[in-house]
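Asks: Enclosed is the structure file protein_3.cif (mmCIF, C-alpha atoms and all ligand atoms).
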```
data_structure
#
loop_
_atom_site.label_atom_id
_atom_site.label_comp_id
_atom_site.auth_asym_id
_atom_site.auth_seq_id
_atom_site.Cartn_x
_atom_site.Cartn_y
_atom_site.Cartn_z
CA MET A 1 -27.60 -23.79 -25.32
CA HIS A 2 -25.25 -25.67 -27.65
CA ASP A 3 -21.57 -25.54 -26.89
CA HIS A 4 -19.97 -24.77 -30.26
CA THR A 5 -16.37 -24.94 -29.14
CA GLY A 6 -13.78 -25.62 -31.81
CA ARG A 7 -14.05 -25.11 -35.51
CA SER A 8 -17.14 -27.04 -36.45
CA LEU A 9 -19.49 -26.11 -39.20
CA VAL A 10 -22.38 -27.48 -41.23
CA LEU A 11 -22.30 -27.13 -45.00
CA THR A 12 -25.01 -27.76 -47.59
CA GLY A 13 -24.37 -28.08 -51.34
CA ALA A 14 -20.99 -29.80 -50.88
CA THR A 15 -21.67 -32.11 -53.83
CA GLY A 16 -21.97 -29.06 -56.10
CA PHE A 17 -19.30 -26.84 -57.66
CA LEU A 18 -18.90 -24.04 -55.10
CA GLY A 19 -19.77 -26.19 -52.09
CA ALA A 20 -17.17 -28.86 -52.96
CA PHE A 21 -14.36 -26.31 -53.25
CA LEU A 22 -15.53 -24.72 -49.98
CA MET A 23 -15.66 -28.08 -48.21
CA VAL A 24 -12.07 -28.86 -49.20
CA ALA A 25 -10.86 -25.42 -48.12
CA PHE A 26 -12.52 -25.89 -44.71
CA LEU A 27 -10.97 -29.34 -44.28
CA GLU A 28 -7.55 -28.01 -45.27
CA ARG A 29 -7.89 -25.33 -42.60
CA GLY A 30 -8.65 -27.89 -39.90
CA TYR A 31 -12.42 -27.44 -39.57
CA ASN A 32 -14.75 -30.28 -38.62
CA VAL A 33 -17.25 -30.29 -41.47
CA THR A 34 -20.69 -31.85 -41.34
CA VAL A 35 -22.23 -32.02 -44.80
CA LEU A 36 -25.99 -32.07 -45.20
CA GLY A 37 -27.02 -33.47 -48.55
CA ARG A 38 -28.52 -36.42 -50.38
CA SER A 39 -27.61 -39.64 -52.13
CA LYS A 40 -27.86 -39.76 -55.94
CA MET A 41 -28.11 -42.57 -58.47
CA ASP A 42 -27.76 -45.10 -55.64
CA ILE A 43 -24.54 -43.53 -54.42
CA SER A 44 -24.69 -42.54 -50.77
CA LEU A 45 -23.80 -39.01 -49.74
CA SER A 46 -20.73 -40.26 -47.87
CA ASP A 47 -19.47 -42.09 -51.00
CA ARG A 48 -20.09 -39.00 -53.11
CA LEU A 49 -17.97 -36.97 -50.69
CA LEU A 50 -15.26 -39.64 -50.73
CA HIS A 51 -15.05 -39.38 -54.53
CA LEU A 52 -14.69 -35.64 -54.19
CA VAL A 53 -11.97 -35.89 -51.55
CA ARG A 54 -10.04 -38.21 -53.90
CA TRP A 55 -10.61 -35.95 -56.89
CA PHE A 56 -9.21 -33.01 -54.94
CA ASN A 57 -6.31 -35.22 -53.90
CA ILE A 58 -6.35 -34.10 -50.28
CA PRO A 59 -5.43 -36.28 -47.30
CA ASP A 60 -8.25 -38.43 -45.91
CA PRO A 61 -10.04 -36.13 -43.44
CA GLY A 62 -11.24 -39.11 -41.36
CA GLU A 63 -13.75 -38.09 -38.72
CA ARG A 64 -13.37 -34.40 -39.49
CA LEU A 65 -15.73 -34.95 -42.41
CA CYS A 66 -19.17 -36.23 -41.49
CA SER A 67 -22.17 -36.64 -43.79
CA ILE A 68 -25.85 -36.63 -42.92
CA GLU A 69 -28.48 -37.43 -45.53
CA ALA A 70 -31.26 -34.94 -44.96
CA ASP A 71 -34.48 -33.76 -46.56
CA PHE A 72 -34.55 -29.96 -46.53
CA SER A 73 -38.29 -29.93 -47.20
CA LYS A 74 -39.09 -31.69 -43.91
CA ARG A 75 -39.20 -30.40 -40.34
CA HIS A 76 -35.95 -31.15 -38.49
CA LEU A 77 -34.61 -31.85 -41.99
CA GLY A 78 -36.26 -35.28 -41.82
CA LEU A 79 -33.88 -36.43 -39.06
CA ASN A 80 -34.72 -38.24 -35.82
CA ASP A 81 -34.25 -36.37 -32.53
CA GLU A 82 -30.89 -37.93 -31.77
CA VAL A 83 -29.30 -37.12 -35.14
CA TYR A 84 -30.91 -33.67 -35.15
CA GLY A 85 -29.40 -33.02 -31.70
CA HIS A 86 -25.92 -34.04 -32.94
CA LEU A 87 -26.35 -31.85 -35.99
CA CYS A 88 -27.31 -28.83 -33.87
CA ALA A 89 -24.22 -29.41 -31.71
CA ALA A 90 -22.01 -29.43 -34.84
CA ALA A 91 -23.41 -26.17 -36.21
CA GLY A 92 -20.91 -23.62 -34.96
CA LYS A 93 -21.42 -21.97 -38.32
CA ILE A 94 -23.83 -22.94 -41.05
CA ILE A 95 -23.04 -22.36 -44.72
CA HIS A 96 -26.10 -22.85 -46.89
CA CYS A 97 -24.72 -23.35 -50.38
CA SER A 98 -27.19 -25.80 -51.88
CA SER A 99 -29.55 -24.48 -54.50
CA ASP A 100 -31.29 -25.45 -57.70
CA THR A 101 -29.33 -23.50 -60.31
CA SER A 102 -31.57 -24.13 -63.30
CA PHE A 103 -32.62 -21.01 -65.25
CA THR A 104 -35.43 -22.49 -67.29
CA GLU A 105 -39.03 -21.48 -66.76
CA SER A 106 -40.09 -25.11 -67.16
CA SER A 107 -38.18 -25.86 -63.92
CA ARG A 108 -40.02 -23.12 -61.97
CA VAL A 109 -41.84 -25.42 -59.53
CA ARG A 110 -38.69 -27.37 -58.65
CA VAL A 111 -36.49 -24.26 -58.40
CA MET A 112 -38.96 -22.48 -56.12
CA ALA A 113 -39.46 -25.65 -54.01
CA THR A 114 -35.71 -26.05 -53.49
CA ASN A 115 -34.59 -22.45 -53.21
CA VAL A 116 -37.52 -20.90 -51.34
CA ASN A 117 -40.15 -23.32 -50.04
CA SER A 118 -37.70 -25.62 -48.30
CA LEU A 119 -36.02 -22.82 -46.34
CA PRO A 120 -38.18 -22.96 -43.15
CA ALA A 121 -36.66 -26.24 -41.91
CA LEU A 122 -33.13 -25.01 -42.58
CA LEU A 123 -33.85 -21.72 -40.80
CA GLU A 124 -35.47 -23.45 -37.84
CA PHE A 125 -32.34 -25.60 -37.62
CA ALA A 126 -30.13 -22.47 -37.54
CA ALA A 127 -32.25 -21.07 -34.68
CA ASP A 128 -32.42 -24.41 -32.78
CA ALA A 129 -28.65 -24.78 -33.08
CA GLN A 130 -28.08 -21.22 -31.89
CA THR A 131 -25.45 -21.04 -34.56
CA GLU A 132 -22.82 -18.32 -34.31
CA GLN A 133 -23.54 -17.27 -37.88
CA LEU A 134 -25.55 -18.40 -40.88
CA TYR A 135 -23.96 -17.76 -44.30
CA TYR A 136 -26.29 -17.87 -47.25
CA VAL A 137 -24.67 -18.28 -50.67
CA SER A 138 -26.84 -16.17 -52.95
CA THR A 139 -25.90 -14.61 -56.31
CA ALA A 140 -24.99 -11.11 -57.45
CA TYR A 141 -27.82 -11.49 -60.01
CA ALA A 142 -30.46 -11.63 -57.28
CA SER A 143 -30.34 -7.86 -57.80
CA GLY A 144 -32.70 -8.47 -60.74
CA MET A 145 -33.08 -6.60 -64.02
CA CYS A 146 -31.38 -3.31 -63.42
CA GLU A 147 -28.52 -1.25 -64.79
CA GLY A 148 -25.72 0.63 -63.10
CA LEU A 149 -24.48 0.32 -59.56
CA CYS A 150 -25.88 -2.53 -57.44
CA LEU A 151 -25.11 -2.02 -53.78
CA GLU A 152 -24.38 -4.59 -51.08
CA THR A 153 -27.83 -3.94 -49.64
CA PRO A 154 -31.19 -5.79 -49.59
CA ILE A 155 -32.85 -6.32 -52.98
CA THR A 156 -35.54 -3.94 -54.13
CA SER A 157 -36.04 -5.13 -57.73
CA LYS A 158 -39.28 -6.89 -58.69
CA CYS A 159 -38.17 -7.88 -62.22
CA PHE A 160 -35.84 -10.77 -62.89
CA THR A 161 -34.18 -12.34 -65.92
CA ASN A 162 -35.23 -15.86 -64.96
CA VAL A 163 -36.77 -18.01 -62.22
CA TYR A 164 -33.35 -18.68 -60.67
CA GLU A 165 -32.67 -14.98 -60.00
CA GLU A 166 -36.23 -14.55 -58.73
CA SER A 167 -35.93 -17.49 -56.33
CA LYS A 168 -32.60 -16.27 -54.97
CA ALA A 169 -34.04 -12.79 -54.34
CA GLN A 170 -37.06 -14.28 -52.57
CA ALA A 171 -34.78 -16.52 -50.53
CA GLU A 172 -32.65 -13.56 -49.44
CA GLY A 173 -35.80 -11.74 -48.25
CA LEU A 174 -37.19 -14.75 -46.41
CA ILE A 175 -33.89 -15.64 -44.74
CA SER A 176 -33.19 -12.03 -43.71
CA ARG A 177 -36.65 -11.62 -42.11
CA TYR A 178 -36.40 -14.93 -40.25
CA CYS A 179 -32.89 -14.23 -38.97
CA GLU A 180 -33.85 -10.76 -37.80
CA ASN A 181 -36.92 -12.08 -35.95
CA HIS A 182 -35.08 -15.01 -34.36
CA GLY A 183 -31.76 -13.40 -33.54
CA VAL A 184 -29.71 -15.51 -35.98
CA PRO A 185 -26.63 -13.57 -37.20
CA LEU A 186 -26.66 -13.65 -41.00
CA SER A 187 -24.18 -13.02 -43.80
CA ILE A 188 -25.20 -13.14 -47.45
CA LEU A 189 -22.49 -13.92 -50.01
CA ARG A 190 -23.28 -12.87 -53.57
CA PRO A 191 -20.83 -14.28 -56.13
CA SER A 192 -21.11 -13.41 -59.83
CA ILE A 193 -20.40 -16.07 -62.50
CA VAL A 194 -17.87 -18.57 -61.19
CA TYR A 195 -15.49 -20.44 -63.51
CA GLY A 196 -12.63 -22.89 -62.82
CA HIS A 197 -9.51 -22.52 -60.73
CA SER A 198 -7.33 -19.74 -62.16
CA LYS A 199 -4.10 -21.63 -61.45
CA THR A 200 -5.09 -25.23 -62.24
CA GLY A 201 -8.14 -24.85 -64.48
CA LYS A 202 -10.00 -27.40 -62.33
CA SER A 203 -13.77 -27.13 -62.27
CA LEU A 204 -16.74 -29.30 -61.47
CA LYS A 205 -19.24 -27.44 -63.59
CA PHE A 206 -19.09 -26.34 -67.22
CA ASN A 207 -22.02 -24.01 -67.80
CA ALA A 208 -22.04 -20.18 -68.04
CA LEU A 209 -18.59 -19.18 -69.41
CA TYR A 210 -18.00 -22.66 -70.83
CA PHE A 211 -21.29 -23.18 -72.61
CA PRO A 212 -20.89 -20.67 -75.48
CA VAL A 213 -17.31 -21.90 -76.05
CA LYS A 214 -18.46 -25.52 -76.07
CA SER A 215 -21.25 -24.57 -78.50
CA LEU A 216 -18.77 -22.83 -80.80
CA SER A 217 -16.47 -25.83 -80.64
CA TYR A 218 -19.36 -28.10 -81.77
CA ILE A 219 -20.26 -25.69 -84.57
CA ARG A 220 -16.62 -25.67 -85.68
CA GLU A 221 -16.61 -29.49 -85.72
CA ILE A 222 -19.76 -29.61 -87.86
CA PHE A 223 -18.28 -27.36 -90.57
CA VAL A 224 -14.80 -28.86 -90.48
CA LYS A 225 -16.42 -32.29 -90.97
CA ASP A 226 -18.50 -30.92 -93.85
CA ILE A 227 -15.40 -29.49 -95.53
CA ILE A 228 -13.13 -32.51 -94.97
CA ASP A 229 -15.60 -35.40 -95.32
CA GLN A 230 -18.29 -34.00 -97.64
CA GLY A 231 -16.37 -31.64 -99.89
CA GLY A 232 -17.65 -28.49 -98.14
CA LYS A 233 -20.42 -27.52 -100.58
CA ARG A 234 -22.72 -26.36 -97.75
CA SER A 235 -19.90 -24.51 -96.00
CA ARG A 236 -18.89 -22.64 -99.19
CA GLN A 237 -22.50 -21.53 -99.63
CA TRP A 238 -22.21 -19.67 -96.31
CA GLY A 239 -18.70 -18.34 -96.90
CA ILE A 240 -17.17 -20.85 -94.47
CA SER A 241 -13.74 -22.21 -95.35
CA LEU A 242 -10.75 -23.97 -93.81
CA ASP A 243 -7.19 -22.61 -94.13
CA ASN A 244 -4.22 -24.87 -94.72
CA ASP A 245 -3.12 -24.08 -91.17
CA GLY A 246 -6.42 -25.43 -89.78
CA ILE A 247 -8.08 -22.06 -89.07
CA LEU A 248 -11.81 -22.09 -89.85
CA HIS A 249 -13.21 -18.91 -91.41
CA LEU A 250 -16.64 -18.73 -89.87
CA PRO A 251 -18.60 -15.55 -90.55
CA LEU A 252 -20.74 -15.43 -87.44
CA THR A 253 -22.41 -12.54 -85.67
CA VAL A 254 -23.38 -12.80 -82.01
CA TYR A 255 -26.31 -10.52 -81.19
CA LEU A 256 -26.43 -9.06 -77.71
CA PRO A 257 -29.03 -6.77 -76.20
CA ASN A 258 -26.59 -4.24 -74.70
CA ARG A 259 -22.99 -3.21 -74.71
CA GLY A 260 -21.91 -4.64 -71.38
CA SER A 261 -19.57 -7.12 -69.76
CA VAL A 262 -19.48 -10.64 -68.32
CA ASN A 263 -18.80 -10.60 -64.58
CA LEU A 264 -16.57 -13.62 -64.07
CA ILE A 265 -14.64 -14.77 -61.01
CA PRO A 266 -12.48 -17.90 -60.61
CA ILE A 267 -13.42 -20.45 -57.96
CA ASP A 268 -10.17 -19.85 -56.05
CA TYR A 269 -11.04 -16.17 -55.60
CA PHE A 270 -14.57 -17.09 -54.51
CA VAL A 271 -13.23 -19.53 -51.89
CA GLU A 272 -10.56 -17.14 -50.60
CA ALA A 273 -13.00 -14.24 -50.27
CA ALA A 274 -15.69 -16.45 -48.70
CA LEU A 275 -13.17 -17.77 -46.14
CA CYS A 276 -12.07 -14.23 -45.24
CA ILE A 277 -15.71 -13.30 -44.61
CA ILE A 278 -16.54 -16.52 -42.75
CA GLU A 279 -13.46 -16.28 -40.50
CA HIS A 280 -13.93 -12.58 -39.80
CA PRO A 281 -15.68 -11.98 -36.46
CA GLY A 282 -18.82 -9.90 -36.87
CA SER A 283 -19.24 -10.39 -40.60
CA SER A 284 -23.02 -9.94 -40.74
CA GLY A 285 -24.33 -8.24 -43.86
CA ILE A 286 -24.20 -8.58 -47.63
CA TYR A 287 -21.05 -9.14 -49.69
CA HIS A 288 -20.57 -8.99 -53.46
CA ILE A 289 -17.90 -11.50 -54.48
CA THR A 290 -17.55 -10.15 -58.00
CA SER A 291 -15.00 -8.74 -60.41
CA ASP A 292 -14.13 -5.05 -60.74
CA ASN A 293 -12.63 -5.64 -64.13
CA PRO A 294 -14.99 -7.92 -66.06
CA PRO A 295 -14.20 -8.73 -69.70
CA ASP A 296 -16.63 -7.81 -72.49
CA MET A 297 -17.80 -10.12 -75.26
CA ALA A 298 -15.24 -8.75 -77.71
CA THR A 299 -12.48 -10.08 -75.42
CA LEU A 300 -14.22 -13.42 -74.94
CA ILE A 301 -14.69 -13.76 -78.70
CA GLU A 302 -11.02 -12.94 -79.30
CA TYR A 303 -9.98 -15.58 -76.73
CA SER A 304 -12.39 -18.16 -78.15
CA GLU A 305 -11.25 -17.61 -81.74
CA ARG A 306 -7.65 -18.08 -80.66
CA PHE A 307 -8.42 -21.15 -78.57
CA LEU A 308 -10.65 -22.90 -81.12
CA GLY A 309 -8.79 -21.88 -84.29
CA VAL A 310 -11.63 -19.84 -85.75
CA ARG A 311 -11.82 -16.41 -87.44
CA GLY A 312 -14.73 -14.20 -88.42
CA ILE A 313 -16.84 -13.98 -85.24
CA HIS A 314 -17.98 -10.60 -84.08
CA ALA A 315 -20.53 -9.21 -81.66
CA LEU A 316 -23.32 -6.76 -82.51
CA TRP A 317 -25.09 -4.91 -79.78
CA GLY A 318 -28.77 -3.93 -80.01
CA GLN A 319 -31.71 -5.76 -81.58
CA ALA A 320 -32.15 -3.24 -84.43
CA GLN A 321 -29.14 -4.52 -86.36
CA ARG A 322 -30.21 -8.19 -86.33
CA ASN A 323 -29.74 -9.98 -89.67
CA PRO A 324 -33.14 -11.35 -90.84
CA THR A 325 -31.43 -14.28 -92.64
CA PRO A 326 -28.86 -15.73 -90.24
CA ASN A 327 -26.58 -18.49 -91.50
CA PRO A 328 -26.89 -21.98 -89.92
CA ALA A 329 -23.91 -21.37 -87.59
CA GLU A 330 -25.54 -18.17 -86.30
CA GLU A 331 -28.89 -19.93 -85.85
CA LEU A 332 -27.25 -22.73 -83.86
CA LEU A 333 -25.20 -20.45 -81.61
CA ASP A 334 -28.18 -18.19 -81.09
CA ARG A 335 -30.21 -21.11 -79.78
CA PHE A 336 -27.37 -22.47 -77.63
CA ILE A 337 -26.58 -19.21 -75.84
CA GLU A 338 -30.16 -18.00 -75.34
CA PRO A 339 -30.36 -18.65 -71.54
CA TYR A 340 -26.99 -16.95 -71.01
CA ARG A 341 -27.52 -13.94 -73.31
CA PRO A 342 -28.46 -11.44 -70.53
CA TYR A 343 -25.24 -12.31 -68.68
CA LEU A 344 -23.06 -11.82 -71.77
CA SER A 345 -23.76 -8.11 -72.06
CA ASP A 346 -24.56 -7.17 -68.51
CA ARG A 347 -24.77 -3.54 -67.50
CA ARG A 348 -24.89 -4.16 -63.77
CA ILE A 349 -21.87 -2.92 -61.84
CA PHE A 350 -21.45 -4.55 -58.48
CA ASP A 351 -20.27 -2.34 -55.66
CA ARG A 352 -17.93 -4.38 -53.50
CA SER A 353 -16.86 -1.87 -50.85
CA ARG A 354 -17.91 -4.11 -47.94
CA THR A 355 -16.20 -7.17 -49.46
CA GLU A 356 -13.05 -5.24 -50.24
CA ASN A 357 -12.94 -3.96 -46.69
CA ILE A 358 -13.43 -7.31 -44.96
CA THR A 359 -11.09 -9.19 -47.35
CA SER A 360 -8.34 -6.54 -47.03
CA GLY A 361 -8.46 -5.59 -50.69
CA LEU A 362 -8.52 -9.12 -52.13
CA SER A 363 -9.75 -9.06 -55.72
CA ALA A 364 -10.40 -11.39 -58.63
CA PRO A 365 -7.40 -11.78 -60.98
CA PRO A 366 -7.76 -10.13 -64.40
CA PHE A 367 -9.31 -12.56 -66.87
CA THR A 368 -6.26 -13.13 -69.07
CA TYR A 369 -5.93 -15.46 -72.07
CA ASP A 370 -3.63 -17.67 -69.98
CA ILE A 371 -6.38 -18.27 -67.42
CA TYR A 372 -8.99 -18.75 -70.14
CA GLU A 373 -6.81 -21.29 -71.94
CA ARG A 374 -6.02 -23.22 -68.76
CA CYS A 375 -9.70 -23.50 -67.87
CA MET A 376 -10.79 -24.44 -71.40
CA ASN A 377 -8.01 -27.03 -71.73
CA TYR A 378 -9.30 -28.59 -68.53
CA ALA A 379 -12.88 -28.50 -69.83
CA VAL A 380 -11.86 -30.16 -73.11
CA ALA A 381 -9.82 -32.80 -71.24
CA CYS A 382 -12.87 -33.81 -69.26
CA GLU A 383 -15.18 -33.50 -72.26
CA TRP A 384 -17.00 -30.42 -70.96
CA GLY A 385 -17.97 -32.22 -67.75
CA ARG A 386 -18.84 -35.68 -69.08
CA LYS A 387 -15.68 -37.04 -67.46
CA VAL A 388 -14.72 -34.98 -64.47
CA CYS A 389 -11.58 -36.93 -63.63
CA GLY A 390 -13.24 -39.92 -62.02
CA TYR A 391 -15.68 -37.87 -59.98
CA LEU A 392 -19.11 -39.46 -59.87
CA PRO A 393 -21.87 -36.87 -59.63
N1 LIG A 401 -21.81 -21.51 -60.10
C1 LIG A 401 -21.91 -20.20 -60.17
O1 LIG A 401 -21.38 -19.56 -61.11
C2 LIG A 401 -22.66 -19.43 -59.10
C3 LIG A 401 -22.68 -18.05 -59.21
C4 LIG A 401 -23.35 -17.30 -58.25
C5 LIG A 401 -23.98 -17.95 -57.20
N2 LIG A 401 -23.96 -19.29 -57.11
C6 LIG A 401 -24.64 -19.91 -55.95
O2 LIG A 401 -23.72 -20.79 -55.34
C7 LIG A 401 -24.41 -21.89 -54.78
C8 LIG A 401 -23.80 -23.17 -55.33
O3 LIG A 401 -23.92 -23.16 -56.74
P1 LIG A 401 -23.19 -24.25 -57.62
O4 LIG A 401 -22.87 -23.65 -58.92
O5 LIG A 401 -22.14 -24.90 -56.81
O6 LIG A 401 -24.40 -25.26 -57.85
P2 LIG A 401 -24.38 -26.77 -58.28
O7 LIG A 401 -23.05 -27.21 -58.75
O8 LIG A 401 -25.56 -26.93 -59.19
O9 LIG A 401 -24.68 -27.55 -56.92
C9 LIG A 401 -25.90 -27.42 -56.29
C10 LIG A 401 -25.83 -28.10 -54.95
O10 LIG A 401 -27.14 -27.97 -54.34
C11 LIG A 401 -27.64 -29.27 -54.05
N3 LIG A 401 -29.09 -29.35 -54.24
C12 LIG A 401 -29.80 -28.87 -55.29
N4 LIG A 401 -31.10 -29.17 -55.11
C13 LIG A 401 -31.20 -29.83 -53.93
C14 LIG A 401 -32.27 -30.41 -53.20
N5 LIG A 401 -33.52 -30.34 -53.66
N6 LIG A 401 -32.01 -31.02 -52.02
C15 LIG A 401 -30.74 -31.10 -51.56
N7 LIG A 401 -29.67 -30.57 -52.20
C16 LIG A 401 -29.91 -29.95 -53.37
C17 LIG A 401 -26.95 -30.20 -55.04
O11 LIG A 401 -27.01 -31.50 -54.52
P3 LIG A 401 -26.94 -32.76 -55.51
O12 LIG A 401 -25.49 -32.87 -55.91
O13 LIG A 401 -27.39 -33.87 -54.65
O14 LIG A 401 -27.84 -32.47 -56.67
C18 LIG A 401 -25.54 -29.61 -55.04
O15 LIG A 401 -24.82 -30.00 -53.92
C19 LIG A 401 -25.88 -21.73 -55.15
O16 LIG A 401 -26.54 -21.18 -54.05
C20 LIG A 401 -25.85 -20.75 -56.31
O17 LIG A 401 -27.02 -19.99 -56.33
C21 LIG A 401 -23.32 -20.06 -58.04
#
```
Show this structure as structure tokens.
Replies:
Amino acid sequence: MHDHTGRSLVLTGATGFLGAFLMVAFLERGYNVTVLGRSKMDISLSDRLLHLVRWFNIPDPGERLCSIEADFSKRHLGLNDEVYGHLCAAAGKIIHCSSDTSFTESSRVRVMATNVNSLPALLEFAADAQTEQLYYVSTAYASGMCEGLCLETPITSKCFTNVYEESKAQAEGLISRYCENHGVPLSILRPSIVYGHSKTGKSLKFNALYFPVKSLSYIREIFVKDIIDQGGKRSRQWGISLDNDGILHLPLTVYLPNRGSVNLIPIDYFVEAALCIIEHPGSSGIYHITSDNPPDMATLIEYSERFLGVRGIHALWGQAQRNPTPNPAEELLDRFIEPYRPYLSDRRIFDRSRTENITSGLSAPPFTYDIYERCMNYAVACEWGRKVCGYLP
């Protein structure tokens, strides 16, 4: 029996977006954190974590932050008996946050290998360590292709938008069965789409919310360049023009399958809610960390037009109205946003009664233009992730 006295926990995925913000929050609250992860591009895991600690500008955690390079696909996580024993002793709680987050079908084998096939070693570790609680970071979209109210209950759907959702649903099933059979207390956290910090704009990842905005910004650049440098003959042909005040008139229709919303939460709300759940005794079960008040595409378009200095974009819902001869800007945006389209007009409503209860009514802040602008300014300053303020991936 391992003696898990004190506040020690093991975290995976700490070199990723959600995991890094969680790691820092744990360190700030005085936890001893052991990170399981891997080196990348010849940079050791411990150096990667050091870069992150500096980027977050927190005091050096010293020995309270420990890193162990592990291989999740191998028994005992590829560790020798001595290191595995130390790891088990450090696993008061285990937060499994690492995951392959690619949506593309061409990544199926890798996504399934990471998110599903490598779970047995991690689960065996949770049982060997007799951890107080295992927390699995899943996604609200593991609920699959459905409409209406999604409850904080096990998944029943068999249809998924992409391999990522499918793998997360399979992982939830596998982890739940194992934990039930081996007496490992389990909590499943299901965030929706996470964007940067609502108060600072800081983020480590610039996909989802950011990607369509970044795409629009590139499209704007292309046409502004055409107008300024090449006389704008092509732009005029498509009714695209530049005002004296720098506003680009860009007739552009975004086609979406349904009239729905985009369920967005800022990273600070995710961390705060996750901490409430993790620090709450007896928090087994499933929790939706989602927004009750998600914006729709019309709002996101309005914000993006204002931010980028563009006019003329509007959304059309339903395939029937699709223009058979899209202009080049529409063709480009269409291609860019394809993987995200289902999430831009989502009709799933996430029940969050259990989360609301355990977090004492904590909720995501309304997605205002101020928050949008702060996050996009941050994204632009670090070139949509190419320069994340000195952080080496
Ligand atoms: N971001 C969101 O909006 C969002 C929304 C809902 C749910 N989630 C869930 O939240 C969790 C974290 O997501 P994220 O956005 O933070 O992802 P992320 O930034 O892509 O980070 C993924 C993390 O997983 C690790 N990882 C991936 N494949 C691995 C492998 N084969 N072996 C070892 N480590 C591996 C990565 O390590 P390396 O750095 O070494 O690659 C990284 O630490 C995931 O479980 C995801 O499903 C995220």
Asks: One number please: atom C15 of ligand LIG 401 (chain A) to CA of Ala169 (chain A), in Å, one decimal.
Replies: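 Separating atom C15 of ligand LIG 401 (chain A) from CA of Ala169 (chain A) is a distance of 18.8 Å.
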Asks: Work out how far atom O14 of ligand LIG 401 (chain A) is from CA of Lys40 (chain A), in Å to one decimal.
Replies: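 Between these atoms lies a distance of 7.3 Å.
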Asks: Take every atom of region 12-19 of chain A listed in the file, fit an axis-aligned box around them, add 4 Å per side, and give the centre and edge lengths in Å to one decimal as JSON.
Replies:
```
{"center_x": -22.0, "center_y": -28.1, "center_z": -52.6, "size_x": 14.1, "size_y": 16.1, "size_z": 18.1}
```
Asks: Excluding region 14-16 of chain A and residues on its chain fewer than 6 positions from it, collect all residues at most 8 Å away from it, counting all atoms listed in the file, and give them as a list of chain:residue names.
Replies: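 The contact residues come out as A:Leu22, A:Met23, A:Val35, A:Leu36, A:Gly37, A:Arg48, A:Leu49, A:Leu52, A:Cys97, A:Ser98, A:Leu204, A:Pro393.
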Asks: As a short mmCIF file (atom, residue, chain, number, x, y, z; two decimals) with C-alpha atoms, keeping the file's coordinate frame, please: every protein or nucleic acid residue near ligand LIG 401 (chain A) (cut-off 9 Å, counting all atoms listed in the file).
Replies:
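Output below, filename part-v9.cif:
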```
data_model
loop_
_atom_site.label_atom_id
_atom_site.label_comp_id
_atom_site.auth_asym_id
_atom_site.auth_seq_id
_atom_site.Cartn_x
_atom_site.Cartn_y
_atom_site.Cartn_z
CA THR A 12 -25.01 -27.76 -47.59
CA GLY A 13 -24.37 -28.08 -51.34
CA ALA A 14 -20.99 -29.80 -50.88
CA THR A 15 -21.67 -32.11 -53.83
CA GLY A 16 -21.97 -29.06 -56.10
CA PHE A 17 -19.30 -26.84 -57.66
CA LEU A 18 -18.90 -24.04 -55.10
CA GLY A 19 -19.77 -26.19 -52.09
CA ALA A 20 -17.17 -28.86 -52.96
CA PHE A 21 -14.36 -26.31 -53.25
CA LEU A 36 -25.99 -32.07 -45.20
CA GLY A 37 -27.02 -33.47 -48.55
CA ARG A 38 -28.52 -36.42 -50.38
CA SER A 39 -27.61 -39.64 -52.13
CA LYS A 40 -27.86 -39.76 -55.94
CA LEU A 45 -23.80 -39.01 -49.74
CA ARG A 48 -20.09 -39.00 -53.11
CA ALA A 70 -31.26 -34.94 -44.96
CA ASP A 71 -34.48 -33.76 -46.56
CA PHE A 72 -34.55 -29.96 -46.53
CA SER A 73 -38.29 -29.93 -47.20
CA HIS A 96 -26.10 -22.85 -46.89
CA CYS A 97 -24.72 -23.35 -50.38
CA SER A 98 -27.19 -25.80 -51.88
CA SER A 99 -29.55 -24.48 -54.50
CA ASP A 100 -31.29 -25.45 -57.70
CA THR A 101 -29.33 -23.50 -60.31
CA SER A 102 -31.57 -24.13 -63.30
CA ARG A 110 -38.69 -27.37 -58.65
CA VAL A 111 -36.49 -24.26 -58.40
CA ALA A 113 -39.46 -25.65 -54.01
CA THR A 114 -35.71 -26.05 -53.49
CA ASN A 115 -34.59 -22.45 -53.21
CA SER A 118 -37.70 -25.62 -48.30
CA TYR A 136 -26.29 -17.87 -47.25
CA VAL A 137 -24.67 -18.28 -50.67
CA SER A 138 -26.84 -16.17 -52.95
CA THR A 139 -25.90 -14.61 -56.31
CA ALA A 140 -24.99 -11.11 -57.45
CA TYR A 141 -27.82 -11.49 -60.01
CA TYR A 164 -33.35 -18.68 -60.67
CA GLU A 165 -32.67 -14.98 -60.00
CA LYS A 168 -32.60 -16.27 -54.97
CA LEU A 189 -22.49 -13.92 -50.01
CA ARG A 190 -23.28 -12.87 -53.57
CA PRO A 191 -20.83 -14.28 -56.13
CA SER A 192 -21.11 -13.41 -59.83
CA ILE A 193 -20.40 -16.07 -62.50
CA VAL A 194 -17.87 -18.57 -61.19
CA TYR A 195 -15.49 -20.44 -63.51
CA LEU A 204 -16.74 -29.30 -61.47
CA LYS A 205 -19.24 -27.44 -63.59
CA ASN A 207 -22.02 -24.01 -67.80
CA ALA A 208 -22.04 -20.18 -68.04
CA LEU A 209 -18.59 -19.18 -69.41
CA LEU A 264 -16.57 -13.62 -64.07
CA ILE A 265 -14.64 -14.77 -61.01
CA ILE A 267 -13.42 -20.45 -57.96
CA ILE A 289 -17.90 -11.50 -54.48
CA PRO A 393 -21.87 -36.87 -59.63
#
```
